[in-house]
Amino acid sequence: MTATRPRRHGKRAFLALLAAASLTRAGETADQGWRLTVIPSYERPAQHENIPGSQTAIVAAARHRSYDEFEYATTKAAWRQAVALAADRGDAWLRAADVQIRRDRHRVIDRILVKGGDPLLPALALAPAFYDRFEPLLGPGFHVIIPDRNTIALYPRAGGMIPPAEAAALLRLNRAAGYPVSREVFRASRGSLAADGILEE
């Protein structure tokens, strides 16, 4: 019995599959580089930045190692890489997320949920593209809530208070999360956040 020679395109596909397997081991994702992200302040890696006014969250440069493990940057060069990556890839990160826009009975946007399986999803809030995309929809300085690693809730700041039932639901999400981030309400600006209050039931 003789074996037939594989077609050229079949060989290419096989080699591409081997390359992908070498980049991603079972249960892990390929290293996507350093990303600025929002983390609970109790984690407090050596290199971090405070969020103005925040009591519960800080910014760190991190990369994903496994679902429950981040590696935190320890050099200024890595921090600069994270800033550059946010500017360069923010649009792509947003396209990969699940963005749910809700309108009231007058067709005015009153809430946007950004969800996804990426544990570095909070990094979106620090990407310039995040503000560029949502400021025209929600107005300047819109509110940002990051109850856990996989949820970001956005509200127009001009709307005043977050509806009590929704604040309670976000608090429950934060308390039940395996990896909570913050109960605070942040005010967004391009590439940064500032604390603007705290969720209350």
# chains A, B, ... in the order shown; residues from 1 in each chain; ligands from 1

$ residues_around --residues "Pro164 of chain A" --least-positions-apart "5" --cutoff "9 Å" --atoms "only C-alpha atoms" --output "PyMOL selection string"
chain A and resi 169+199-201

$ closest_residue --among "A:Ala195, A:Leu124, A:Thr74, A:Leu137" --to "Asp91 of chain A" --atoms "only C-alpha atoms"
A:Leu124

$ residues_around --residues "Leu173 of chain A" --least-positions-apart "4" --cutoff "8 Å" --atoms "only C-alpha atoms" --output "PyMOL selection string"
chain A and resi 147-148+169+177

$ write_last_selection --atoms "C-alpha atoms" --output "short mmCIF file (atom, residue, chain, number, x, y, z; two decimals), in the first residue's frame"
data_model
loop_
_atom_site.label_atom_id
_atom_site.label_comp_id
_atom_site.auth_asym_id
_atom_site.auth_seq_id
_atom_site.Cartn_x
_atom_site.Cartn_y
_atom_site.Cartn_z
CA PRO A 147 -18.27 45.24 39.03
CA ASP A 148 -16.19 42.28 37.83
CA ALA A 169 -28.09 44.35 40.53
CA ALA A 177 -18.08 37.57 41.43
#

$ select_by_dssp --residues "chain A" --states "alpha helix (DSSP H)" --output "JSON, numbers by chain"
{"A": [8, 9, 10, 11, 12, 13, 14, 15, 16, 17, 18, 19, 20, 21, 22, 23, 76, 77, 78, 79, 80, 81, 82, 83, 84, 85, 86, 87, 88, 89, 90, 91, 92, 93, 94, 95, 96, 128, 129, 130, 131, 132, 133, 134, 135, 136, 137, 138, 164, 165, 166, 167, 168, 169, 170, 171, 172, 173, 174, 175, 176]}

$ closest_residue --among "A:Val185, A:Ala82, A:Ala97, A:Leu113" --to "Met161 of chain A" --atoms "only C-alpha atoms"
A:Val185

$ select_by_dssp --residues "segment 33-188 of chain A" --states "strand (DSSP E)" --output "number ranges by chain"
A: 35-40, 49-50, 57-66, 69-72, 98-103, 109-115, 143-148, 151-155, 184-188

$ residues_around --residues "Glu49 of chain A" --least-positions-apart "6" --cutoff "12 Å" --atoms "only C-alpha atoms" --output "list in words"
Leu36, Thr37, Val38, Ile39, Pro40, Ser41, Ala57, Ile58, Val59, Ala60, Ala61, Lys76, Trp79, Ser192, Leu193 and Ala194 of chain A

$ write_last_selection --atoms "N, CA and C atoms" --output "PDB file, in the first residue's frame"
ATOM      1  N   LEU A  36      -2.960  48.088  30.142  1.00  0.00           N
ATOM      2  CA  LEU A  36      -3.393  48.817  31.326  1.00  0.00           C
ATOM      3  C   LEU A  36      -4.790  48.343  31.671  1.00  0.00           C
ATOM      4  N   THR A  37      -5.019  47.998  32.907  1.00  0.00           N
ATOM      5  CA  THR A  37      -6.332  47.513  33.299  1.00  0.00           C
ATOM      6  C   THR A  37      -6.667  47.981  34.709  1.00  0.00           C
ATOM      7  N   VAL A  38      -7.942  47.935  35.030  1.00  0.00           N
ATOM      8  CA  VAL A  38      -8.417  48.324  36.358  1.00  0.00           C
ATOM      9  C   VAL A  38      -8.474  47.064  37.220  1.00  0.00           C
ATOM     10  N   ILE A  39      -7.859  47.131  38.395  1.00  0.00           N
ATOM     11  CA  ILE A  39      -7.840  45.991  39.316  1.00  0.00           C
ATOM     12  C   ILE A  39      -8.218  46.474  40.721  1.00  0.00           C
ATOM     13  N   PRO A  40      -8.629  45.560  41.598  1.00  0.00           N
ATOM     14  CA  PRO A  40      -8.914  45.961  42.984  1.00  0.00           C
ATOM     15  C   PRO A  40      -7.658  46.510  43.655  1.00  0.00           C
ATOM     16  N   SER A  41      -7.812  47.532  44.476  1.00  0.00           N
ATOM     17  CA  SER A  41      -6.647  48.177  45.092  1.00  0.00           C
ATOM     18  C   SER A  41      -5.914  47.249  46.058  1.00  0.00           C
ATOM     19  N   ALA A  57     -10.019  50.829  43.737  1.00  0.00           N
ATOM     20  CA  ALA A  57      -9.460  50.351  42.475  1.00  0.00           C
ATOM     21  C   ALA A  57      -8.229  51.165  42.085  1.00  0.00           C
ATOM     22  N   ILE A  58      -7.340  50.515  41.350  1.00  0.00           N
ATOM     23  CA  ILE A  58      -6.137  51.159  40.825  1.00  0.00           C
ATOM     24  C   ILE A  58      -5.924  50.685  39.385  1.00  0.00           C
ATOM     25  N   VAL A  59      -4.947  51.286  38.728  1.00  0.00           N
ATOM     26  CA  VAL A  59      -4.576  50.888  37.368  1.00  0.00           C
ATOM     27  C   VAL A  59      -3.227  50.195  37.421  1.00  0.00           C
ATOM     28  N   ALA A  60      -3.119  49.065  36.716  1.00  0.00           N
ATOM     29  CA  ALA A  60      -1.849  48.351  36.614  1.00  0.00           C
ATOM     30  C   ALA A  60      -1.660  47.883  35.180  1.00  0.00           C
ATOM     31  N   ALA A  61      -0.424  47.657  34.814  1.00  0.00           N
ATOM     32  CA  ALA A  61      -0.118  47.037  33.521  1.00  0.00           C
ATOM     33  C   ALA A  61      -0.007  45.538  33.768  1.00  0.00           C
ATOM     34  N   LYS A  76       9.046  50.530  33.580  1.00  0.00           N
ATOM     35  CA  LYS A  76       8.405  51.639  32.880  1.00  0.00           C
ATOM     36  C   LYS A  76       8.246  51.335  31.394  1.00  0.00           C
ATOM     37  N   TRP A  79       5.101  49.499  30.926  1.00  0.00           N
ATOM     38  CA  TRP A  79       3.973  50.436  31.074  1.00  0.00           C
ATOM     39  C   TRP A  79       3.774  51.226  29.774  1.00  0.00           C
ATOM     40  N   SER A 192      -8.596  57.611  30.680  1.00  0.00           N
ATOM     41  CA  SER A 192      -8.463  57.568  32.138  1.00  0.00           C
ATOM     42  C   SER A 192      -9.834  57.579  32.800  1.00  0.00           C
ATOM     43  N   LEU A 193      -9.824  57.355  34.110  1.00  0.00           N
ATOM     44  CA  LEU A 193     -11.038  57.351  34.923  1.00  0.00           C
ATOM     45  C   LEU A 193     -10.787  58.166  36.183  1.00  0.00           C
ATOM     46  N   ALA A 194     -11.865  58.653  36.789  1.00  0.00           N
ATOM     47  CA  ALA A 194     -11.801  59.282  38.106  1.00  0.00           C
ATOM     48  C   ALA A 194     -13.023  58.824  38.885  1.00  0.00           C
TER      49      ALA A 194
END
